[in-house]
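Encoded as structure tokens, the structure appears first; notes follow it.
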Amino acid sequence: MRYGAAVLRGGRLDPVNLRGTVADLRATIEEFGDPGEEASAMLPGGAEPDPEIHRVMADRRLRRTVQDAAAHVPYYRRHFAEAGIDPRHITLDSLAMLAPTPKSALRAAPSAFVSERSEPVLLAQTTGTTGTPTSVWFSRYELELAAALSAMSLLMVSGCRSRHIVMSTISSRATLAKTVVQQALAMIGAGFIAMGTVDPLIILDRLAAPLHVPGKEPQVTHLITTASLLGRIVQAAEEDGWLPADFGLREILVGGEVLSDPLRLRAEAALGARVIDAYSMTETLPTAGLSCEAGHLHLSSEQAHVEILDPLTGAPTLPGEVGGLVVTPYAQYRDTTLLLRYETGDLVRRLPDAETPACSLSAMPATSRILGRQSGGVRDLTTRAVLDVLQAERAIPLPTRFAVVEDPGGPLLYAVAGRAATPALLARVEERSRHLPLAGVVLVKDLDELPLPCPARADLIEHSFELPAEGRRPVRSGR
């Protein structure tokens, strides 16, 4: 009730009350058992109000966010003055007057986006896998709020309980994600292992190893990773003879990169746990998205105003078309680095007006899942479209490496196939990619043969002396 009242008022939320809600949820679940299938409706933003009420509330949140940024953030104060725009005139209907904020502007001057009224305590950076890291400052209020909201999601959506153990294999440089997850799990009472991005053989050994921790499951139950590292883990498990029964995994939470359906299904078969495709980014915390069973991405409209804009014209994307996600996190949830109409660089397809999401998260706004970036400047040739084709072929090594380059005859797709680069494999890939706007496919054996670099988060390997002894093969159940 307090949370709902604070949301309606539009003022700051109380992390202490939210932590109390997490404690109550935990106690209720431990006494009465797991909630039903509609538990997600209990989460903040899980059930949308009447459309007219929702619009009034969204307009109120947006007005406050814009006015706070214009008054207290140097970048936007200068921007409004130079553009001659009165921030008091910005509403949902007139938001297009305000130019989107490019990622390059935040990267160039992160301090210019920090509110003068804030108390920054943590500088979080993105991993910088594909370019200069993006830096974002956070306050204690933002971190505590994000941790409490994450704890609710872990309890109600992921089914995380105090007896479970969560292992993270995301890069140790992802400070924000690890800080928030560790605090959220501490509220739940679950165990946390910050493994980092290490050799997949080490990860498999740790997943299979008995832990002998009082009050906890005997093995790791939840894995947090990226799509490219998941690919390495899956391939190593298949090649080394691991079986699903060797692990105690219940759920694998994947974020940070595009997760294809072929890789998801392959991972579930190899590791014996359901794979959840999630979406979040440092700049837009705590706004996050979940992929449902129908293949939609659902983003809570309570925490941010989300737009889908044409990458070239900046106009709203038409139903059924591909556009870029543009996010304005509300000031109710953010008080340090404030961003207005932030261009995430991530593409999604706007659902056709006639397509009403029929899924467990249908109360929340939906788009297609993240499509990634455009490849070779071709709108319909997205990261997801290419990965769905290449990762359907098990002969192609994981993580998948590819590049799209312009050719006089049209875009050419180059893909690393290793020793499997045979005419037979090429013919199969060409057949699978017939629906893509490609002039041709070229298979190469090595990564250095690609015409363009193809970095992945799995490349951020952190060195360790924990490699298994040469020739050792752990004892596995079912063998």
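For the structure tokens, the naming scheme is as follows: chains receive sequential letters (A, B, ...) according to their order of presentation, residues are indexed from 1 within each chain, and ligands are indexed from 1 in presentation order.
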
Residue contacts of segment 296-305 of chain A (10 Å, only C-alpha atoms) excluding same-chain residues fewer than 5 positions away, as a ChimeraX atom specification: /A:7,43-48,54,57-59,61-62,65,92,277-280,284-291,326-334,340-341,348-349,351,357-359,361-370

Ala267 of chain A environment, 8 Å, only C-alpha atoms, sequence neighbours closer than 5 positions dropped, as a VMD selection string: chain A and resid 230 to 231 234 272 to 273 275

Neighbour list for Gly20 of chain A as a PyMOL selection string, cut-off 12 Å, only C-alpha atoms, skip fewer than 2 positions in-chain: chain A and resi 2-3+14-18+22-27+148-149+151-152+187-188

Take the selection from the previous step and output its residues with all heavy atoms, as a CSV table (one decimal), in the first residue's frame.
chain,number,residue,atom,x,y,z
A,2,ARG,N,1.9,1.2,0.8
A,2,ARG,CA,2.8,2.4,0.8
A,2,ARG,C,3.5,2.6,-0.5
A,2,ARG,O,3.7,3.7,-1.0
A,2,ARG,CB,3.9,2.2,1.9
A,2,ARG,CG,3.3,2.3,3.3
A,2,ARG,CD,4.4,1.9,4.4
A,2,ARG,NE,3.9,2.1,5.7
A,2,ARG,CZ,4.5,1.6,6.8
A,2,ARG,NH1,5.6,0.9,6.7
A,2,ARG,NH2,4.0,1.8,8.0
A,3,TYR,N,3.9,1.4,-1.1
A,3,TYR,CA,4.6,1.5,-2.5
A,3,TYR,C,3.6,2.1,-3.5
A,3,TYR,O,3.9,3.0,-4.2
A,3,TYR,CB,5.0,0.1,-2.9
A,3,TYR,CG,5.7,0.1,-4.3
A,3,TYR,CD1,7.0,0.4,-4.4
A,3,TYR,CD2,4.9,-0.1,-5.4
A,3,TYR,CE1,7.6,0.4,-5.6
A,3,TYR,CE2,5.5,-0.1,-6.7
A,3,TYR,CZ,6.9,0.1,-6.8
A,3,TYR,OH,7.5,0.2,-8.0
A,14,ASP,N,10.5,4.6,-0.7
A,14,ASP,CA,11.2,4.3,0.6
A,14,ASP,C,11.8,2.9,0.5
A,14,ASP,O,11.1,1.9,0.6
A,14,ASP,CB,10.3,4.3,1.8
A,14,ASP,CG,11.0,4.2,3.1
A,14,ASP,OD1,12.2,3.9,3.1
A,14,ASP,OD2,10.4,4.5,4.1
A,15,PRO,N,13.2,2.8,0.3
A,15,PRO,CA,13.8,1.4,0.2
A,15,PRO,C,13.6,0.6,1.4
A,15,PRO,O,13.5,-0.6,1.3
A,15,PRO,CB,15.3,1.8,0.0
A,15,PRO,CG,15.3,3.1,-0.6
A,15,PRO,CD,14.1,3.8,0.0
A,16,VAL,N,13.4,1.2,2.6
A,16,VAL,CA,13.2,0.5,3.8
A,16,VAL,C,11.9,-0.3,3.8
A,16,VAL,O,11.8,-1.5,4.1
A,16,VAL,CB,13.2,1.4,5.1
A,16,VAL,CG1,12.8,0.6,6.3
A,16,VAL,CG2,14.6,2.0,5.2
A,17,ASN,N,10.8,0.4,3.3
A,17,ASN,CA,9.5,-0.2,3.1
A,17,ASN,C,9.6,-1.4,2.1
A,17,ASN,O,9.0,-2.4,2.2
A,17,ASN,CB,8.5,0.8,2.7
A,17,ASN,CG,8.1,1.7,3.8
A,17,ASN,OD1,8.2,1.3,5.0
A,17,ASN,ND2,7.6,2.8,3.5
A,18,LEU,N,10.4,-1.1,1.0
A,18,LEU,CA,10.5,-2.2,0.0
A,18,LEU,C,11.2,-3.4,0.5
A,18,LEU,O,10.9,-4.6,0.2
A,18,LEU,CB,11.2,-1.6,-1.3
A,18,LEU,CG,10.4,-0.7,-2.2
A,18,LEU,CD1,11.2,-0.2,-3.3
A,18,LEU,CD2,9.2,-1.5,-2.7
A,22,VAL,N,10.0,-7.3,0.8
A,22,VAL,CA,10.7,-8.5,0.4
A,22,VAL,C,10.7,-9.5,1.6
A,22,VAL,O,10.5,-10.7,1.4
A,22,VAL,CB,12.2,-8.1,0.0
A,22,VAL,CG1,13.0,-9.4,-0.2
A,22,VAL,CG2,12.2,-7.3,-1.2
A,23,ALA,N,10.9,-9.0,2.8
A,23,ALA,CA,10.9,-9.9,3.9
A,23,ALA,C,9.6,-10.5,4.1
A,23,ALA,O,9.5,-11.7,4.5
A,23,ALA,CB,11.3,-9.1,5.2
A,24,ASP,N,8.5,-9.8,3.9
A,24,ASP,CA,7.1,-10.3,4.0
A,24,ASP,C,6.9,-11.4,3.0
A,24,ASP,O,6.3,-12.4,3.2
A,24,ASP,CB,6.1,-9.2,3.9
A,24,ASP,CG,6.1,-8.3,5.2
A,24,ASP,OD1,6.7,-8.8,6.2
A,24,ASP,OD2,5.5,-7.2,5.1
A,25,LEU,N,7.3,-11.1,1.7
A,25,LEU,CA,7.2,-12.1,0.7
A,25,LEU,C,7.9,-13.4,1.0
A,25,LEU,O,7.3,-14.5,0.8
A,25,LEU,CB,7.7,-11.5,-0.7
A,25,LEU,CG,6.8,-10.5,-1.4
A,25,LEU,CD1,7.6,-9.9,-2.6
A,25,LEU,CD2,5.6,-11.2,-1.9
A,26,ARG,N,9.1,-13.2,1.5
A,26,ARG,CA,9.9,-14.4,1.8
A,26,ARG,C,9.2,-15.2,2.9
A,26,ARG,O,9.1,-16.4,2.8
A,26,ARG,CB,11.3,-14.0,2.2
A,26,ARG,CG,12.2,-15.1,2.7
A,26,ARG,CD,13.6,-14.6,3.2
A,26,ARG,NE,14.3,-15.7,3.8
A,26,ARG,CZ,15.5,-15.5,4.4
A,26,ARG,NH1,16.0,-14.3,4.4
A,26,ARG,NH2,16.1,-16.5,5.0
A,27,ALA,N,8.8,-14.5,3.9
A,27,ALA,CA,8.1,-15.2,5.0
A,27,ALA,C,6.8,-15.9,4.6
A,27,ALA,O,6.5,-17.1,5.0
A,27,ALA,CB,7.8,-14.3,6.2
A,148,ALA,N,16.1,-3.9,-4.0
A,148,ALA,CA,14.9,-4.4,-3.4
A,148,ALA,C,13.9,-4.9,-4.6
A,148,ALA,O,13.3,-5.9,-4.5
A,148,ALA,CB,14.2,-3.3,-2.6
A,149,LEU,N,13.9,-4.1,-5.7
A,149,LEU,CA,13.1,-4.5,-6.8
A,149,LEU,C,13.6,-5.8,-7.4
A,149,LEU,O,12.8,-6.7,-7.8
A,149,LEU,CB,13.0,-3.4,-7.8
A,149,LEU,CG,12.3,-2.1,-7.4
A,149,LEU,CD1,12.5,-1.0,-8.4
A,149,LEU,CD2,10.9,-2.3,-7.1
A,151,ALA,N,15.2,-8.2,-5.8
A,151,ALA,CA,14.8,-9.2,-4.9
A,151,ALA,C,13.4,-9.7,-5.1
A,151,ALA,O,13.1,-10.9,-5.1
A,151,ALA,CB,15.0,-8.8,-3.5
A,152,MET,N,12.5,-8.8,-5.3
A,152,MET,CA,11.1,-9.1,-5.6
A,152,MET,C,11.0,-10.0,-6.9
A,152,MET,O,10.3,-11.0,-6.9
A,152,MET,CB,10.2,-7.9,-5.8
A,152,MET,CG,10.0,-7.1,-4.5
A,152,MET,SD,8.9,-5.7,-4.8
A,152,MET,CE,9.0,-4.8,-3.3
A,187,MET,N,18.9,-10.3,0.7
A,187,MET,CA,17.6,-10.1,1.3
A,187,MET,C,16.8,-11.4,1.3
A,187,MET,O,16.0,-11.7,2.2
A,187,MET,CB,16.8,-9.0,0.5
A,187,MET,CG,17.4,-7.6,0.6
A,187,MET,SD,16.3,-6.5,-0.4
A,187,MET,CE,17.6,-5.2,-0.8
A,188,ILE,N,17.0,-12.2,0.2
A,188,ILE,CA,16.3,-13.4,0.1
A,188,ILE,C,16.9,-14.5,1.0
A,188,ILE,O,16.2,-15.4,1.4
A,188,ILE,CB,16.3,-13.9,-1.4
A,188,ILE,CG1,15.6,-12.9,-2.3
A,188,ILE,CG2,15.7,-15.3,-1.5
A,188,ILE,CD1,15.8,-13.2,-3.8

Who sits within 7 Å of segment 413-416 of chain A, only C-alpha atoms, same chain under 4 positions skipped, as a compact mmCIF listing (two decimals) with all heavy atoms, in the first residue's frame:
# COMPACT_ATOMS: atom_id res chain seq x y z
N ARG A 401 30.78 -16.42 -34.50
CA ARG A 401 31.50 -15.21 -34.96
C ARG A 401 31.12 -14.95 -36.42
O ARG A 401 31.20 -15.84 -37.26
CB ARG A 401 33.01 -15.41 -34.88
CG ARG A 401 33.50 -15.94 -33.54
CD ARG A 401 33.41 -14.91 -32.45
NE ARG A 401 34.10 -15.38 -31.26
CZ ARG A 401 34.54 -14.60 -30.28
NH1 ARG A 401 34.34 -13.29 -30.36
NH2 ARG A 401 35.15 -15.11 -29.24
N PHE A 402 30.72 -13.73 -36.70
CA PHE A 402 30.34 -13.39 -38.08
C PHE A 402 30.56 -11.91 -38.34
O PHE A 402 30.77 -11.11 -37.42
CB PHE A 402 28.88 -13.77 -38.33
CG PHE A 402 27.88 -12.88 -37.64
CD1 PHE A 402 27.37 -11.76 -38.28
CD2 PHE A 402 27.45 -13.16 -36.35
CE1 PHE A 402 26.46 -10.93 -37.64
CE2 PHE A 402 26.54 -12.36 -35.71
CZ PHE A 402 26.04 -11.24 -36.36
N ALA A 403 30.50 -11.57 -39.60
CA ALA A 403 30.59 -10.17 -40.02
C ALA A 403 29.81 -10.01 -41.32
O ALA A 403 29.76 -10.94 -42.13
CB ALA A 403 32.05 -9.75 -40.23
N VAL A 404 29.18 -8.87 -41.47
CA VAL A 404 28.44 -8.56 -42.70
C VAL A 404 29.10 -7.35 -43.34
O VAL A 404 29.29 -6.32 -42.69
CB VAL A 404 26.96 -8.26 -42.41
CG1 VAL A 404 26.23 -7.86 -43.68
CG2 VAL A 404 26.29 -9.49 -41.79
N VAL A 405 29.46 -7.49 -44.60
CA VAL A 405 30.11 -6.38 -45.32
C VAL A 405 29.37 -6.13 -46.63
O VAL A 405 28.77 -7.03 -47.21
CB VAL A 405 31.59 -6.71 -45.61
CG1 VAL A 405 32.38 -6.86 -44.32
CG2 VAL A 405 31.73 -7.97 -46.46
N GLY A 440 25.21 -13.33 -50.48
CA GLY A 440 25.95 -14.58 -50.41
C GLY A 440 26.49 -14.83 -49.03
O GLY A 440 26.43 -13.98 -48.13
N VAL A 441 27.01 -16.06 -48.82
CA VAL A 441 27.58 -16.49 -47.55
C VAL A 441 28.99 -17.00 -47.80
O VAL A 441 29.24 -17.72 -48.78
CB VAL A 441 26.74 -17.61 -46.90
CG1 VAL A 441 27.38 -18.09 -45.60
CG2 VAL A 441 25.31 -17.14 -46.66
N VAL A 442 29.91 -16.61 -46.93
CA VAL A 442 31.30 -17.06 -47.01
C VAL A 442 31.68 -17.67 -45.67
O VAL A 442 31.57 -17.01 -44.63
CB VAL A 442 32.26 -15.90 -47.35
CG1 VAL A 442 33.70 -16.40 -47.42
CG2 VAL A 442 31.85 -15.21 -48.64
N LEU A 443 32.10 -18.93 -45.68
CA LEU A 443 32.55 -19.58 -44.46
C LEU A 443 34.07 -19.52 -44.39
O LEU A 443 34.76 -19.84 -45.37
CB LEU A 443 32.09 -21.04 -44.41
CG LEU A 443 30.58 -21.28 -44.39
CD1 LEU A 443 30.30 -22.77 -44.27
CD2 LEU A 443 29.92 -20.51 -43.26
N VAL A 444 34.60 -19.12 -43.24
CA VAL A 444 36.05 -19.07 -43.04
C VAL A 444 36.40 -19.97 -41.86
O VAL A 444 35.54 -20.33 -41.05
CB VAL A 444 36.53 -17.63 -42.77
CG1 VAL A 444 36.23 -16.74 -43.98
CG2 VAL A 444 35.89 -17.05 -41.51
N LYS A 445 37.68 -20.30 -41.75
CA LYS A 445 38.09 -21.24 -40.70
C LYS A 445 38.47 -20.54 -39.40
O LYS A 445 38.22 -21.08 -38.31
CB LYS A 445 39.27 -22.08 -41.20
CG LYS A 445 38.89 -23.06 -42.31
CD LYS A 445 40.05 -23.97 -42.66
CE LYS A 445 39.63 -25.00 -43.71
NZ LYS A 445 40.76 -25.92 -44.06
N ASP A 446 39.08 -19.37 -39.48
CA ASP A 446 39.60 -18.72 -38.28
C ASP A 446 39.02 -17.33 -38.09
O ASP A 446 38.60 -16.67 -39.06
CB ASP A 446 41.13 -18.62 -38.35
CG ASP A 446 41.80 -19.98 -38.46
OD1 ASP A 446 41.44 -20.86 -37.65
OD2 ASP A 446 42.66 -20.14 -39.34
N LEU A 447 39.03 -16.88 -36.85
CA LEU A 447 38.49 -15.57 -36.50
C LEU A 447 39.22 -14.44 -37.22
O LEU A 447 38.61 -13.45 -37.63
CB LEU A 447 38.58 -15.38 -34.98
CG LEU A 447 37.98 -14.10 -34.40
CD1 LEU A 447 36.49 -14.00 -34.71
CD2 LEU A 447 38.22 -14.04 -32.90
N LEU A 450 37.95 -13.04 -40.66
CA LEU A 450 36.78 -12.18 -40.81
C LEU A 450 37.21 -10.79 -41.28
O LEU A 450 38.22 -10.27 -40.81
CB LEU A 450 36.02 -12.04 -39.49
CG LEU A 450 35.23 -13.25 -38.98
CD1 LEU A 450 34.57 -12.92 -37.65
CD2 LEU A 450 34.17 -13.68 -40.00

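For the pair atom CA of Ser135 of chain A and atom CA of Leu339 of chain A, the separation is 12.5 Å.
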
Taking the DSSP secondary structure from the backbone, can you list the residues of segment 136-383 of chain A that are strand (DSSP E or B), as a VMD selection string? chain A and resid 136 to 139 165 to 168 191 to 194 222 to 225 251 to 254 274 to 280 288 to 291 296 to 299 304 to 309 316 322 to 329 337 342 to 349 366 to 368 372 374 to 375 378 to 382

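Atom CA of Val220 of chain A is positioned 8.8 Å from atom CA of Ile193 of chain A.
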
So that I can see what lies close to segment 322-324 of chain A, please list as a PyMOL selection string the residues with an atom at most 12 Å from it, counting only C-alpha atoms and leaving out residues fewer than 4 positions away in the same chain. chain A and resi 100+102+306-318+341-352+367-374+378-382

Just N, CA and C atoms for this one: save the residues we selected as a compact mmCIF listing (two decimals), in the first residue's frame.
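That gives us selection.txt:
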# COMPACT_ATOMS: atom_id res chain seq x y z
N PRO A 100 16.51 13.15 -29.05
CA PRO A 100 17.03 12.02 -28.27
C PRO A 100 18.47 12.24 -27.84
N PRO A 102 22.06 10.77 -27.61
CA PRO A 102 22.87 9.66 -28.15
C PRO A 102 23.80 9.08 -27.09
N VAL A 306 9.10 4.39 -22.50
CA VAL A 306 9.80 3.65 -23.55
C VAL A 306 9.20 4.02 -24.90
N GLU A 307 10.08 4.35 -25.85
CA GLU A 307 9.66 4.65 -27.23
C GLU A 307 10.40 3.72 -28.18
N ILE A 308 9.80 3.50 -29.35
CA ILE A 308 10.46 2.77 -30.43
C ILE A 308 10.53 3.72 -31.62
N LEU A 309 11.73 4.17 -31.95
CA LEU A 309 11.91 5.19 -32.97
C LEU A 309 12.70 4.66 -34.15
N ASP A 310 12.38 5.18 -35.33
CA ASP A 310 13.12 4.84 -36.54
C ASP A 310 14.56 5.32 -36.38
N PRO A 311 15.57 4.44 -36.56
CA PRO A 311 16.97 4.83 -36.35
C PRO A 311 17.44 5.94 -37.28
N LEU A 312 16.80 6.09 -38.45
CA LEU A 312 17.24 7.09 -39.42
C LEU A 312 16.48 8.40 -39.29
N THR A 313 15.17 8.34 -39.13
CA THR A 313 14.36 9.56 -39.11
C THR A 313 14.03 10.05 -37.71
N GLY A 314 14.09 9.17 -36.72
CA GLY A 314 13.72 9.56 -35.36
C GLY A 314 12.22 9.58 -35.14
N ALA A 315 11.44 9.24 -36.15
CA ALA A 315 9.98 9.22 -36.02
C ALA A 315 9.54 7.92 -35.35
N PRO A 316 8.37 7.92 -34.70
CA PRO A 316 7.87 6.68 -34.10
C PRO A 316 7.75 5.57 -35.13
N THR A 317 8.17 4.38 -34.75
CA THR A 317 8.14 3.24 -35.66
C THR A 317 6.70 2.77 -35.86
N LEU A 318 6.37 2.41 -37.08
CA LEU A 318 5.04 1.93 -37.40
C LEU A 318 4.85 0.51 -36.89
N ARG A 341 15.18 10.51 -23.12
CA ARG A 341 15.10 9.93 -24.47
C ARG A 341 16.47 9.32 -24.86
N TYR A 342 16.94 8.43 -24.03
CA TYR A 342 18.27 7.84 -24.23
C TYR A 342 18.21 6.76 -25.30
N GLU A 343 19.06 6.88 -26.31
CA GLU A 343 19.14 5.90 -27.39
C GLU A 343 19.98 4.71 -26.94
N THR A 344 19.32 3.60 -26.68
CA THR A 344 20.02 2.42 -26.18
C THR A 344 20.88 1.76 -27.26
N GLY A 345 20.52 1.94 -28.53
CA GLY A 345 21.21 1.26 -29.62
C GLY A 345 20.67 -0.13 -29.89
N ASP A 346 19.67 -0.56 -29.11
CA ASP A 346 19.10 -1.90 -29.28
C ASP A 346 17.84 -1.83 -30.14
N LEU A 347 17.74 -2.73 -31.09
CA LEU A 347 16.60 -2.76 -32.01
C LEU A 347 15.55 -3.76 -31.53
N VAL A 348 14.28 -3.39 -31.72
CA VAL A 348 13.16 -4.30 -31.49
C VAL A 348 12.16 -4.10 -32.62
N ARG A 349 11.25 -5.03 -32.74
CA ARG A 349 10.16 -4.87 -33.71
C ARG A 349 8.88 -4.53 -32.95
N ARG A 350 8.26 -3.44 -33.35
CA ARG A 350 6.98 -3.08 -32.73
C ARG A 350 5.92 -4.10 -33.15
N LEU A 351 5.18 -4.59 -32.19
CA LEU A 351 4.17 -5.58 -32.50
C LEU A 351 3.06 -4.97 -33.35
N PRO A 352 2.53 -5.71 -34.30
CA PRO A 352 1.38 -5.21 -35.07
C PRO A 352 0.22 -4.88 -34.14
N THR A 367 7.11 -5.78 -26.89
CA THR A 367 7.70 -5.65 -28.23
C THR A 367 8.22 -7.03 -28.61
N SER A 368 8.89 -7.12 -29.75
CA SER A 368 9.63 -8.35 -30.01
C SER A 368 10.80 -8.41 -29.03
N ARG A 369 11.45 -9.56 -28.96
CA ARG A 369 12.68 -9.62 -28.19
C ARG A 369 13.75 -8.73 -28.85
N ILE A 370 14.80 -8.45 -28.11
CA ILE A 370 15.87 -7.61 -28.65
C ILE A 370 16.44 -8.28 -29.90
N LEU A 371 16.51 -7.49 -30.96
CA LEU A 371 17.04 -8.00 -32.23
C LEU A 371 18.53 -7.76 -32.38
N GLY A 372 19.09 -6.94 -31.49
CA GLY A 372 20.51 -6.61 -31.58
C GLY A 372 20.72 -5.35 -32.38
N ARG A 373 21.76 -5.35 -33.17
CA ARG A 373 22.08 -4.20 -34.01
C ARG A 373 21.83 -4.54 -35.47
N GLN A 374 21.81 -3.51 -36.32
CA GLN A 374 21.76 -3.75 -37.75
C GLN A 374 23.13 -4.24 -38.21
N VAL A 378 21.86 -2.93 -43.01
CA VAL A 378 20.62 -3.44 -43.58
C VAL A 378 19.60 -3.62 -42.46
N ARG A 379 18.44 -2.97 -42.57
CA ARG A 379 17.47 -2.93 -41.47
C ARG A 379 17.01 -4.32 -41.03
N ASP A 380 16.69 -5.19 -41.96
CA ASP A 380 16.15 -6.51 -41.61
C ASP A 380 17.23 -7.55 -41.37
N LEU A 381 18.48 -7.15 -41.46
CA LEU A 381 19.58 -8.07 -41.23
C LEU A 381 20.16 -7.79 -39.84
N THR A 382 19.44 -8.21 -38.82
CA THR A 382 19.82 -7.93 -37.45
C THR A 382 20.67 -9.06 -36.87
